[in-house]
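Student: Enclosed is the structure file my_file.pdb (PDB, C-alpha atoms, pLDDT in the B column).
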ATOM      1  CA  MET A   1      16.308   7.830  13.333  1.00 51.00           C
ATOM      2  CA  ASP A   2      16.887  10.631  10.801  1.00 56.00           C
ATOM      3  CA  LYS A   3      15.474  10.567   7.269  1.00 54.00           C
ATOM      4  CA  ASP A   4      18.748   9.581   5.561  1.00 59.00           C
ATOM      5  CA  LYS A   5      19.098   6.522   7.795  1.00 63.00           C
ATOM      6  CA  ILE A   6      15.456   5.539   7.239  1.00 61.00           C
ATOM      7  CA  ASP A   7      15.845   5.905   3.468  1.00 83.00           C
ATOM      8  CA  LYS A   8      19.045   3.824   3.484  1.00 86.00           C
ATOM      9  CA  LYS A   9      17.429   1.135   5.612  1.00 89.00           C
ATOM     10  CA  ASP A  10      14.391   0.990   3.317  1.00 89.00           C
ATOM     11  CA  HIS A  11      16.675   0.771   0.293  1.00 92.00           C
ATOM     12  CA  ILE A  12      18.493  -2.222   1.799  1.00 93.00           C
ATOM     13  CA  LEU A  13      15.137  -3.891   2.565  1.00 92.00           C
ATOM     14  CA  ASP A  14      13.924  -3.290  -1.013  1.00 90.00           C
ATOM     15  CA  VAL A  15      17.041  -4.931  -2.433  1.00 92.00           C
ATOM     16  CA  ALA A  16      16.941  -7.766   0.107  1.00 91.00           C
ATOM     17  CA  GLU A  17      13.316  -8.517  -0.732  1.00 86.00           C
ATOM     18  CA  ARG A  18      14.149  -8.870  -4.411  1.00 86.00           C
ATOM     19  CA  VAL A  19      17.284 -10.963  -3.819  1.00 89.00           C
ATOM     20  CA  PHE A  20      15.591 -13.268  -1.317  1.00 85.00           C
ATOM     21  CA  SER A  21      12.634 -13.811  -3.658  1.00 78.00           C
ATOM     22  CA  GLU A  22      14.963 -14.675  -6.542  1.00 80.00           C
ATOM     23  CA  MET A  23      17.474 -16.799  -4.607  1.00 81.00           C
ATOM     24  CA  GLY A  24      15.517 -17.993  -1.561  1.00 77.00           C
ATOM     25  CA  PHE A  25      16.815 -17.633   1.981  1.00 81.00           C
ATOM     26  CA  ASP A  26      19.460 -20.334   1.561  1.00 81.00           C
ATOM     27  CA  GLY A  27      20.691 -19.095  -1.830  1.00 86.00           C
ATOM     28  CA  ALA A  28      21.020 -15.446  -0.879  1.00 88.00           C
ATOM     29  CA  SER A  29      23.884 -13.988   1.134  1.00 92.00           C
ATOM     30  CA  THR A  30      24.308 -10.744   3.017  1.00 92.00           C
ATOM     31  CA  ARG A  31      27.402 -10.019   0.911  1.00 92.00           C
ATOM     32  CA  MET A  32      25.340 -10.385  -2.246  1.00 92.00           C
ATOM     33  CA  ILE A  33      22.653  -8.069  -0.847  1.00 93.00           C
ATOM     34  CA  SER A  34      25.118  -5.455   0.396  1.00 93.00           C
ATOM     35  CA  GLY A  35      26.741  -5.421  -3.043  1.00 92.00           C
ATOM     36  CA  GLU A  36      23.396  -5.006  -4.821  1.00 91.00           C
ATOM     37  CA  ALA A  37      22.402  -2.256  -2.380  1.00 91.00           C
ATOM     38  CA  SER A  38      25.831  -0.538  -2.691  1.00 91.00           C
ATOM     39  CA  VAL A  39      26.380  -0.493   1.061  1.00 91.00           C
ATOM     40  CA  ASN A  40      29.147  -2.044   3.114  1.00 90.00           C
ATOM     41  CA  MET A  41      28.685  -5.121   5.271  1.00 91.00           C
ATOM     42  CA  ALA A  42      29.230  -3.114   8.452  1.00 91.00           C
ATOM     43  CA  MET A  43      26.170  -0.978   7.691  1.00 91.00           C
ATOM     44  CA  LEU A  44      24.010  -3.996   6.877  1.00 91.00           C
ATOM     45  CA  ASN A  45      25.076  -5.765  10.071  1.00 90.00           C
ATOM     46  CA  TYR A  46      24.511  -2.591  12.093  1.00 90.00           C
ATOM     47  CA  TYR A  47      20.897  -2.353  10.971  1.00 91.00           C
ATOM     48  CA  PHE A  48      19.942  -6.023  10.889  1.00 92.00           C
ATOM     49  CA  GLY A  49      22.576  -8.070  12.716  1.00 90.00           C
ATOM     50  CA  SER A  50      22.485 -11.162  10.492  1.00 89.00           C
ATOM     51  CA  LYS A  51      20.941 -12.662   7.378  1.00 90.00           C
ATOM     52  CA  GLU A  52      18.095 -14.025   9.499  1.00 87.00           C
ATOM     53  CA  GLY A  53      17.535 -10.588  11.033  1.00 89.00           C
ATOM     54  CA  LEU A  54      17.449  -9.021   7.574  1.00 91.00           C
ATOM     55  CA  PHE A  55      15.029 -11.668   6.294  1.00 88.00           C
ATOM     56  CA  LEU A  56      12.651 -11.146   9.229  1.00 86.00           C
ATOM     57  CA  ALA A  57      12.845  -7.365   8.764  1.00 89.00           C
ATOM     58  CA  VAL A  58      11.748  -7.775   5.138  1.00 86.00           C
ATOM     59  CA  ILE A  59       8.747  -9.835   6.205  1.00 82.00           C
ATOM     60  CA  GLU A  60       7.817  -7.683   9.206  1.00 82.00           C
ATOM     61  CA  ARG A  61       7.887  -4.482   7.133  1.00 82.00           C
ATOM     62  CA  LYS A  62       5.260  -5.825   4.743  1.00 77.00           C
ATOM     63  CA  ILE A  63       3.113  -7.800   7.166  1.00 78.00           C
ATOM     64  CA  THR A  64       2.973  -5.250  10.006  1.00 78.00           C
ATOM     65  CA  TYR A  65       1.556  -2.573   7.713  1.00 76.00           C
ATOM     66  CA  PHE A  66      -1.133  -4.989   6.511  1.00 77.00           C
ATOM     67  CA  GLN A  67      -1.915  -6.112  10.060  1.00 81.00           C
ATOM     68  CA  ASN A  68      -2.450  -2.525  11.186  1.00 84.00           C
ATOM     69  CA  ILE A  69      -4.921  -1.907   8.354  1.00 85.00           C
ATOM     70  CA  LEU A  70      -6.725  -5.152   9.150  1.00 84.00           C
ATOM     71  CA  GLN A  71      -6.944  -4.318  12.858  1.00 87.00           C
ATOM     72  CA  ILE A  72      -8.393  -0.867  12.153  1.00 89.00           C
ATOM     73  CA  LEU A  73     -10.898  -2.451   9.769  1.00 88.00           C
ATOM     74  CA  GLY A  74     -11.883  -5.085  12.337  1.00 88.00           C
ATOM     75  CA  ASN A  75     -12.480  -2.426  15.003  1.00 91.00           C
ATOM     76  CA  ASP A  76     -14.660  -0.215  12.787  1.00 93.00           C
ATOM     77  CA  GLU A  77     -18.175  -0.597  14.195  1.00 91.00           C
ATOM     78  CA  SER A  78     -19.709   1.357  11.302  1.00 94.00           C
ATOM     79  CA  ILE A  79     -19.013  -1.479   8.842  1.00 94.00           C
ATOM     80  CA  SER A  80     -20.941  -4.758   8.706  1.00 95.00           C
ATOM     81  CA  SER A  81     -19.068  -8.029   9.114  1.00 95.00           C
ATOM     82  CA  TRP A  82     -19.498  -8.788   5.415  1.00 96.00           C
ATOM     83  CA  GLY A  83     -18.402  -5.236   4.573  1.00 96.00           C
ATOM     84  CA  LYS A  84     -15.191  -5.897   6.494  1.00 95.00           C
ATOM     85  CA  ILE A  85     -14.547  -9.141   4.591  1.00 95.00           C
ATOM     86  CA  GLU A  86     -15.277  -7.362   1.309  1.00 95.00           C
ATOM     87  CA  SER A  87     -12.824  -4.584   2.223  1.00 93.00           C
ATOM     88  CA  TYR A  88     -10.267  -7.196   3.256  1.00 91.00           C
ATOM     89  CA  ILE A  89     -10.535  -8.861  -0.166  1.00 93.00           C
ATOM     90  CA  GLU A  90      -9.994  -5.488  -1.885  1.00 92.00           C
ATOM     91  CA  ILE A  91      -6.866  -4.807   0.172  1.00 87.00           C
ATOM     92  CA  TYR A  92      -5.619  -8.383  -0.140  1.00 85.00           C
ATOM     93  CA  GLY A  93      -6.180  -8.428  -3.912  1.00 86.00           C
ATOM     94  CA  ASP A  94      -4.169  -5.227  -4.326  1.00 84.00           C
ATOM     95  CA  ARG A  95      -1.306  -6.489  -2.163  1.00 77.00           C
ATOM     96  CA  VAL A  96      -1.142  -9.878  -3.890  1.00 72.00           C
ATOM     97  CA  VAL A  97      -0.596  -8.232  -7.267  1.00 68.00           C
ATOM     98  CA  ASN A  98       1.434  -5.187  -6.220  1.00 64.00           C
ATOM     99  CA  ASN A  99       3.752  -7.256  -3.990  1.00 63.00           C
ATOM    100  CA  ASN A 100       4.139 -10.310  -6.197  1.00 62.00           C
ATOM    101  CA  CYS A 101       7.872 -10.448  -5.451  1.00 64.00           C
ATOM    102  CA  PHE A 102       7.145 -10.611  -1.726  1.00 66.00           C
ATOM    103  CA  GLN A 103       4.386 -13.194  -2.208  1.00 67.00           C
ATOM    104  CA  LYS A 104       6.847 -15.512  -3.980  1.00 67.00           C
ATOM    105  CA  LEU A 105       9.326 -15.024  -1.158  1.00 68.00           C
ATOM    106  CA  LEU A 106       6.780 -16.061   1.460  1.00 70.00           C
ATOM    107  CA  TYR A 107       5.614 -19.057  -0.556  1.00 66.00           C
ATOM    108  CA  GLN A 108       9.161 -20.347  -1.007  1.00 66.00           C
ATOM    109  CA  GLU A 109       9.855 -20.359   2.712  1.00 66.00           C
ATOM    110  CA  LEU A 110       6.469 -21.645   3.852  1.00 66.00           C
ATOM    111  CA  THR A 111       6.524 -24.612   1.473  1.00 66.00           C
ATOM    112  CA  MET A 112       9.877 -25.789   2.811  1.00 64.00           C
ATOM    113  CA  ASN A 113       8.167 -26.978   6.028  1.00 59.00           C
ATOM    114  CA  ARG A 114      11.333 -26.458   8.046  1.00 60.00           C
ATOM    115  CA  ARG A 115      11.086 -26.712  11.824  1.00 60.00           C
ATOM    116  CA  THR A 116      13.583 -23.969  12.517  1.00 70.00           C
ATOM    117  CA  GLU A 117      13.498 -20.904  14.727  1.00 73.00           C
ATOM    118  CA  LEU A 118      13.294 -18.723  11.599  1.00 73.00           C
ATOM    119  CA  ALA A 119      10.325 -20.677  10.233  1.00 74.00           C
ATOM    120  CA  GLU A 120       8.561 -20.398  13.577  1.00 78.00           C
ATOM    121  CA  LYS A 121       9.077 -16.635  13.638  1.00 77.00           C
ATOM    122  CA  ILE A 122       7.677 -16.292  10.097  1.00 76.00           C
ATOM    123  CA  ARG A 123       4.655 -18.403  11.019  1.00 79.00           C
ATOM    124  CA  ASN A 124       3.970 -16.337  14.140  1.00 81.00           C
ATOM    125  CA  ILE A 125       4.133 -13.077  12.167  1.00 78.00           C
ATOM    126  CA  LEU A 126       1.672 -14.361   9.555  1.00 80.00           C
ATOM    127  CA  MET A 127      -0.699 -15.872  12.115  1.00 85.00           C
ATOM    128  CA  LYS A 128      -1.351 -12.408  13.543  1.00 85.00           C
ATOM    129  CA  SER A 129      -3.074 -11.494  10.264  1.00 84.00           C
ATOM    130  CA  VAL A 130      -4.957 -14.784  10.250  1.00 90.00           C
ATOM    131  CA  SER A 131      -6.136 -14.128  13.827  1.00 91.00           C
ATOM    132  CA  GLU A 132      -7.513 -10.723  12.807  1.00 90.00           C
ATOM    133  CA  LEU A 133      -9.437 -12.342   9.964  1.00 92.00           C
ATOM    134  CA  PHE A 134     -10.780 -14.997  12.347  1.00 95.00           C
ATOM    135  CA  ARG A 135     -11.931 -12.205  14.667  1.00 94.00           C
ATOM    136  CA  ILE A 136     -13.939 -10.545  11.890  1.00 94.00           C
ATOM    137  CA  MET A 137     -15.570 -13.835  10.920  1.00 96.00           C
ATOM    138  CA  GLN A 138     -16.366 -14.695  14.541  1.00 96.00           C
ATOM    139  CA  GLU A 139     -18.024 -11.292  14.924  1.00 96.00           C
ATOM    140  CA  GLY A 140     -20.217 -12.108  11.909  1.00 96.00           C
ATOM    141  CA  ILE A 141     -21.145 -15.481  13.388  1.00 97.00           C
ATOM    142  CA  ASP A 142     -21.950 -13.957  16.788  1.00 96.00           C
ATOM    143  CA  ASN A 143     -24.177 -11.196  15.366  1.00 95.00           C
ATOM    144  CA  GLY A 144     -26.029 -13.618  13.075  1.00 95.00           C
ATOM    145  CA  GLU A 145     -24.741 -12.145   9.817  1.00 96.00           C
ATOM    146  CA  PHE A 146     -22.667 -15.237   8.995  1.00 97.00           C
ATOM    147  CA  ARG A 147     -23.808 -18.851   9.141  1.00 95.00           C
ATOM    148  CA  LYS A 148     -23.127 -20.584  12.446  1.00 95.00           C
ATOM    149  CA  ASP A 149     -21.294 -23.519  10.881  1.00 95.00           C
ATOM    150  CA  THR A 150     -18.756 -21.280   9.116  1.00 96.00           C
ATOM    151  CA  ASP A 151     -15.448 -23.117   8.779  1.00 97.00           C
ATOM    152  CA  MET A 152     -13.083 -20.197   9.350  1.00 97.00           C
ATOM    153  CA  GLN A 153      -9.934 -22.229   8.780  1.00 97.00           C
ATOM    154  CA  MET A 154     -11.135 -23.378   5.357  1.00 97.00           C
ATOM    155  CA  VAL A 155     -12.124 -19.819   4.405  1.00 96.00           C
ATOM    156  CA  VAL A 156      -8.559 -18.652   5.065  1.00 94.00           C
ATOM    157  CA  SER A 157      -7.190 -21.669   3.168  1.00 93.00           C
ATOM    158  CA  THR A 158      -9.404 -20.753   0.216  1.00 94.00           C
ATOM    159  CA  LEU A 159      -8.231 -17.139   0.228  1.00 90.00           C
ATOM    160  CA  TYR A 160      -4.537 -17.962   0.394  1.00 87.00           C
ATOM    161  CA  GLY A 161      -4.717 -21.182  -1.610  1.00 87.00           C
ATOM    162  CA  THR A 162      -6.329 -19.576  -4.653  1.00 90.00           C
ATOM    163  CA  LYS A 163      -3.593 -16.968  -4.819  1.00 84.00           C
ATOM    164  CA  ASN A 164      -0.789 -19.458  -4.188  1.00 82.00           C
ATOM    165  CA  PHE A 165      -1.895 -21.833  -6.933  1.00 87.00           C
ATOM    166  CA  ILE A 166      -2.270 -19.158  -9.600  1.00 87.00           C
ATOM    167  CA  LEU A 167       0.824 -17.079  -8.838  1.00 81.00           C
ATOM    168  CA  ASN A 168       3.196 -19.896  -7.958  1.00 80.00           C
ATOM    169  CA  THR A 169       2.366 -22.349 -10.748  1.00 86.00           C
ATOM    170  CA  PRO A 170       2.587 -19.931 -13.711  1.00 88.00           C
ATOM    171  CA  LEU A 171       3.073 -22.635 -16.365  1.00 92.00           C
ATOM    172  CA  MET A 172      -0.173 -24.320 -15.331  1.00 94.00           C
ATOM    173  CA  SER A 173      -2.229 -21.238 -14.439  1.00 93.00           C
ATOM    174  CA  SER A 174      -1.235 -19.217 -17.508  1.00 94.00           C
ATOM    175  CA  THR A 175      -2.369 -22.052 -19.762  1.00 95.00           C
ATOM    176  CA  MET A 176      -5.591 -22.476 -17.818  1.00 94.00           C
ATOM    177  CA  LEU A 177      -6.452 -18.751 -17.595  1.00 93.00           C
ATOM    178  CA  GLY A 178      -5.444 -17.960 -21.161  1.00 93.00           C
ATOM    179  CA  TYR A 179      -2.944 -15.197 -20.429  1.00 92.00           C
ATOM    180  CA  ASP A 180       0.594 -14.833 -19.078  1.00 93.00           C
ATOM    181  CA  ILE A 181       0.267 -14.593 -15.310  1.00 88.00           C
ATOM    182  CA  GLN A 182       3.888 -13.394 -15.057  1.00 85.00           C
ATOM    183  CA  ASP A 183       3.152 -10.280 -17.142  1.00 88.00           C
ATOM    184  CA  GLU A 184       2.827  -7.300 -14.768  1.00 84.00           C
ATOM    185  CA  LYS A 185       0.303  -5.524 -16.996  1.00 90.00           C
ATOM    186  CA  VAL A 186      -1.834  -8.661 -17.180  1.00 90.00           C
ATOM    187  CA  LEU A 187      -1.669  -9.053 -13.391  1.00 87.00           C
ATOM    188  CA  GLU A 188      -2.843  -5.481 -12.870  1.00 88.00           C
ATOM    189  CA  GLU A 189      -5.503  -5.213 -15.568  1.00 91.00           C
ATOM    190  CA  GLN A 190      -6.913  -8.735 -15.767  1.00 92.00           C
ATOM    191  CA  PHE A 191      -5.962 -10.878 -12.799  1.00 91.00           C
ATOM    192  CA  LYS A 192      -6.469  -8.353  -9.973  1.00 90.00           C
ATOM    193  CA  PRO A 193     -10.132  -7.487 -10.743  1.00 93.00           C
ATOM    194  CA  ARG A 194     -10.847 -11.133 -11.552  1.00 94.00           C
ATOM    195  CA  ILE A 195      -9.586 -12.595  -8.273  1.00 93.00           C
ATOM    196  CA  LYS A 196     -11.323  -9.855  -6.243  1.00 94.00           C
ATOM    197  CA  LYS A 197     -14.670 -10.490  -7.937  1.00 96.00           C
ATOM    198  CA  TYR A 198     -14.310 -14.260  -7.622  1.00 95.00           C
ATOM    199  CA  LEU A 199     -13.406 -14.239  -3.921  1.00 95.00           C
ATOM    200  CA  LYS A 200     -16.198 -11.805  -3.047  1.00 96.00           C
ATOM    201  CA  ASN A 201     -18.821 -13.870  -4.874  1.00 97.00           C
ATOM    202  CA  LEU A 202     -17.501 -17.119  -3.441  1.00 96.00           C
ATOM    203  CA  LEU A 203     -17.232 -16.013   0.183  1.00 96.00           C
ATOM    204  CA  LYS A 204     -20.501 -14.077   0.186  1.00 96.00           C
ATOM    205  CA  ALA A 205     -22.330 -17.177  -1.034  1.00 96.00           C
ATOM    206  CA  TYR A 206     -20.692 -19.227   1.715  1.00 96.00           C
ATOM    207  CA  LEU A 207     -20.612 -16.821   4.667  1.00 97.00           C
ATOM    208  CA  VAL A 208     -23.718 -14.650   4.554  1.00 96.00           C
ATOM    209  CA  ASN A 209     -26.816 -16.141   6.129  1.00 88.00           C
ATOM    210  CA  GLU A 210     -29.203 -14.990   3.402  1.00 78.00           C
ATOM    211  CA  ASN A 211     -27.269 -17.190   0.992  1.00 63.00           C
ATOM    212  CA  ASP A 212     -27.205 -20.250   3.254  1.00 53.00           C
ATOM    213  CA  ASN A 213     -28.907 -23.093   1.396  1.00 48.00           C
ATOM    214  CA  SER A 214     -28.060 -25.744   4.009  1.00 49.00           C
ATOM    215  CA  LYS A 215     -31.139 -25.030   6.172  1.00 48.00           C
TER
END
Give the structure from this file in structure tokens form.

Tutor:
Amino acid sequence: MDKDKIDKKDHILDVAERVFSEMGFDGASTRMISGEASVNMAMLNYYFGSKEGLFLAVIERKITYFQNILQILGNDESISSWGKIESYIEIYGDRVVNNNCFQKLLYQELTMNRRTELAEKIRNILMKSVSELFRIMQEGIDNGEFRKDTDMQMVVSTLYGTKNFILNTPLMSSTMLGYDIQDEKVLEEQFKPRIKKYLKNLLKAYLVNENDNSK
């Protein structure tokens, strides 16, 4: 695919991501997105086939890049298991803040709890990242760096749940934190370093054997 086609496709995906996050999957339409992107419907259908195809392309573009980074990190034998988790938190913290629009889009669809083919496809895409994180934690358990009774599922729930609560309940979290969580400057300068530091301290205290007080 030549550069002009790639640029046009990326432009459509950028617009679609914003429209889907604002309107949700049900509220958005391909006609609305094509209009915002200043392309005709024939071009949009040529690239993506349908609204569902466009929606999945938006998600896959973001998640696949993250999965590749996570897989490379997991395979790096020069980094300790905790070092990998620490690096994951750095990357995750950056992506949560820098892709807030996308994070809202995911949250909207995942909280609908719809048993549809689209929902299943979204879940399967996201579970690939979760599986990579499980693999890193299992490595730490196997080599003795992490406690044997590590509850990997609850660790992932803590990571994602902390972000979801703060970013998706802005009225509550802004009052609680003392600053406007919807302000981009605040997200970058105050929230990003805060959530990274918190998650590192929390997970290190739970995961790493030297901090295990249950013995």

Student: Taking the file above as input, evaluate the PyMOL selection byres ((chain A and resi 177-192) around 10) and report the hits as a PyMOL selection string.

Tutor: chain A and resi 90+92-98+100+166-176+193-197

Student: Tell me which residues the PyMOL selection byres ((chain A and resi 53-59) around 10) grabs here, as a PyMOL selection string.

Tutor: chain A and resi 10+12-18+20+25+30+33+44-45+47-52+60-64+102+105-106+118-119+121-122+125-126

Student: Please measure the separation of CA of Tyr88 (chain A) and CA of Ile69 (chain A), giving the value in Å to one decimal.

Tutor: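 According to the coordinates, CA of Tyr88 (chain A) and CA of Ile69 (chain A) are separated by 9.1 Å.
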
Student: Tell me, in Å to one decimal, how far CA of Phe146 (chain A) is from CA of Ile85 (chain A).

Tutor: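 Answer for the CA of Phe146 (chain A) to CA of Ile85 (chain A) separation: 11.1 Å.
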
Student: Report, as AutoDock Vina command-line options, the axis-aligned box around all atoms of region 115-134 of chain A present in the file, extended by 4 Å on each side; give centre and edge lengths in Å to one decimal place.

Tutor:
--center_x 1.4 --center_y -18.7 --center_z 12.1 --size_x 32.4 --size_y 24.0 --size_z 13.2

Student: Please compute the CA of Thr150 (chain A)-CA of Asn68 (chain A) distance, one decimal, in Å.

Tutor: 24.9 Å

Student: Considering all atoms listed in the file, return as a list in words whatever protein or nucleic-acid residues lie within 10 Å of Asn75 (chain A), sequence-local ones (same chain, fewer than 4 positions apart) excluded.

Tutor: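 Residues meeting the cut-off are Leu70, Gln71, Ile79, Lys84, Glu132, Arg135 and Ile136 of chain A.
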
Student: Please produce an output containing C-alpha atoms for each residue in the selection, written as a PDB file, in the frame of the given file.

Tutor:
ATOM      1  CA  LEU A  70      -6.725  -5.152   9.150  1.00 84.00           C
ATOM      2  CA  GLN A  71      -6.944  -4.318  12.858  1.00 87.00           C
ATOM      3  CA  ILE A  79     -19.013  -1.479   8.842  1.00 94.00           C
ATOM      4  CA  LYS A  84     -15.191  -5.897   6.494  1.00 95.00           C
ATOM      5  CA  GLU A 132      -7.513 -10.723  12.807  1.00 90.00           C
ATOM      6  CA  ARG A 135     -11.931 -12.205  14.667  1.00 94.00           C
ATOM      7  CA  ILE A 136     -13.939 -10.545  11.890  1.00 94.00           C
TER       8      ILE A 136
END

Student: Extract, using all atoms listed in the file, all DNA, RNA and protein residues at most 10 Å from Ser80 (chain A), discarding same-chain residues fewer than 2 positions from it, and format them as a list in words.

Tutor: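 Here the answer would be Gly74, Asp76, Glu77, Ser78, Trp82, Gly83, Lys84, Ile85, Glu86, Ile136, Glu139, Gly140, Asn143 and Glu145 of chain A.
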
Student: Return the single residue from A:Leu203, A:Glu120, A:Ser129, A:Gly27 that is closest to Thr158 (chain A), with distances computed using only C-alpha atoms.

Tutor: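 That would be A:Leu203, the residue with the smallest distance to Thr158 (chain A).
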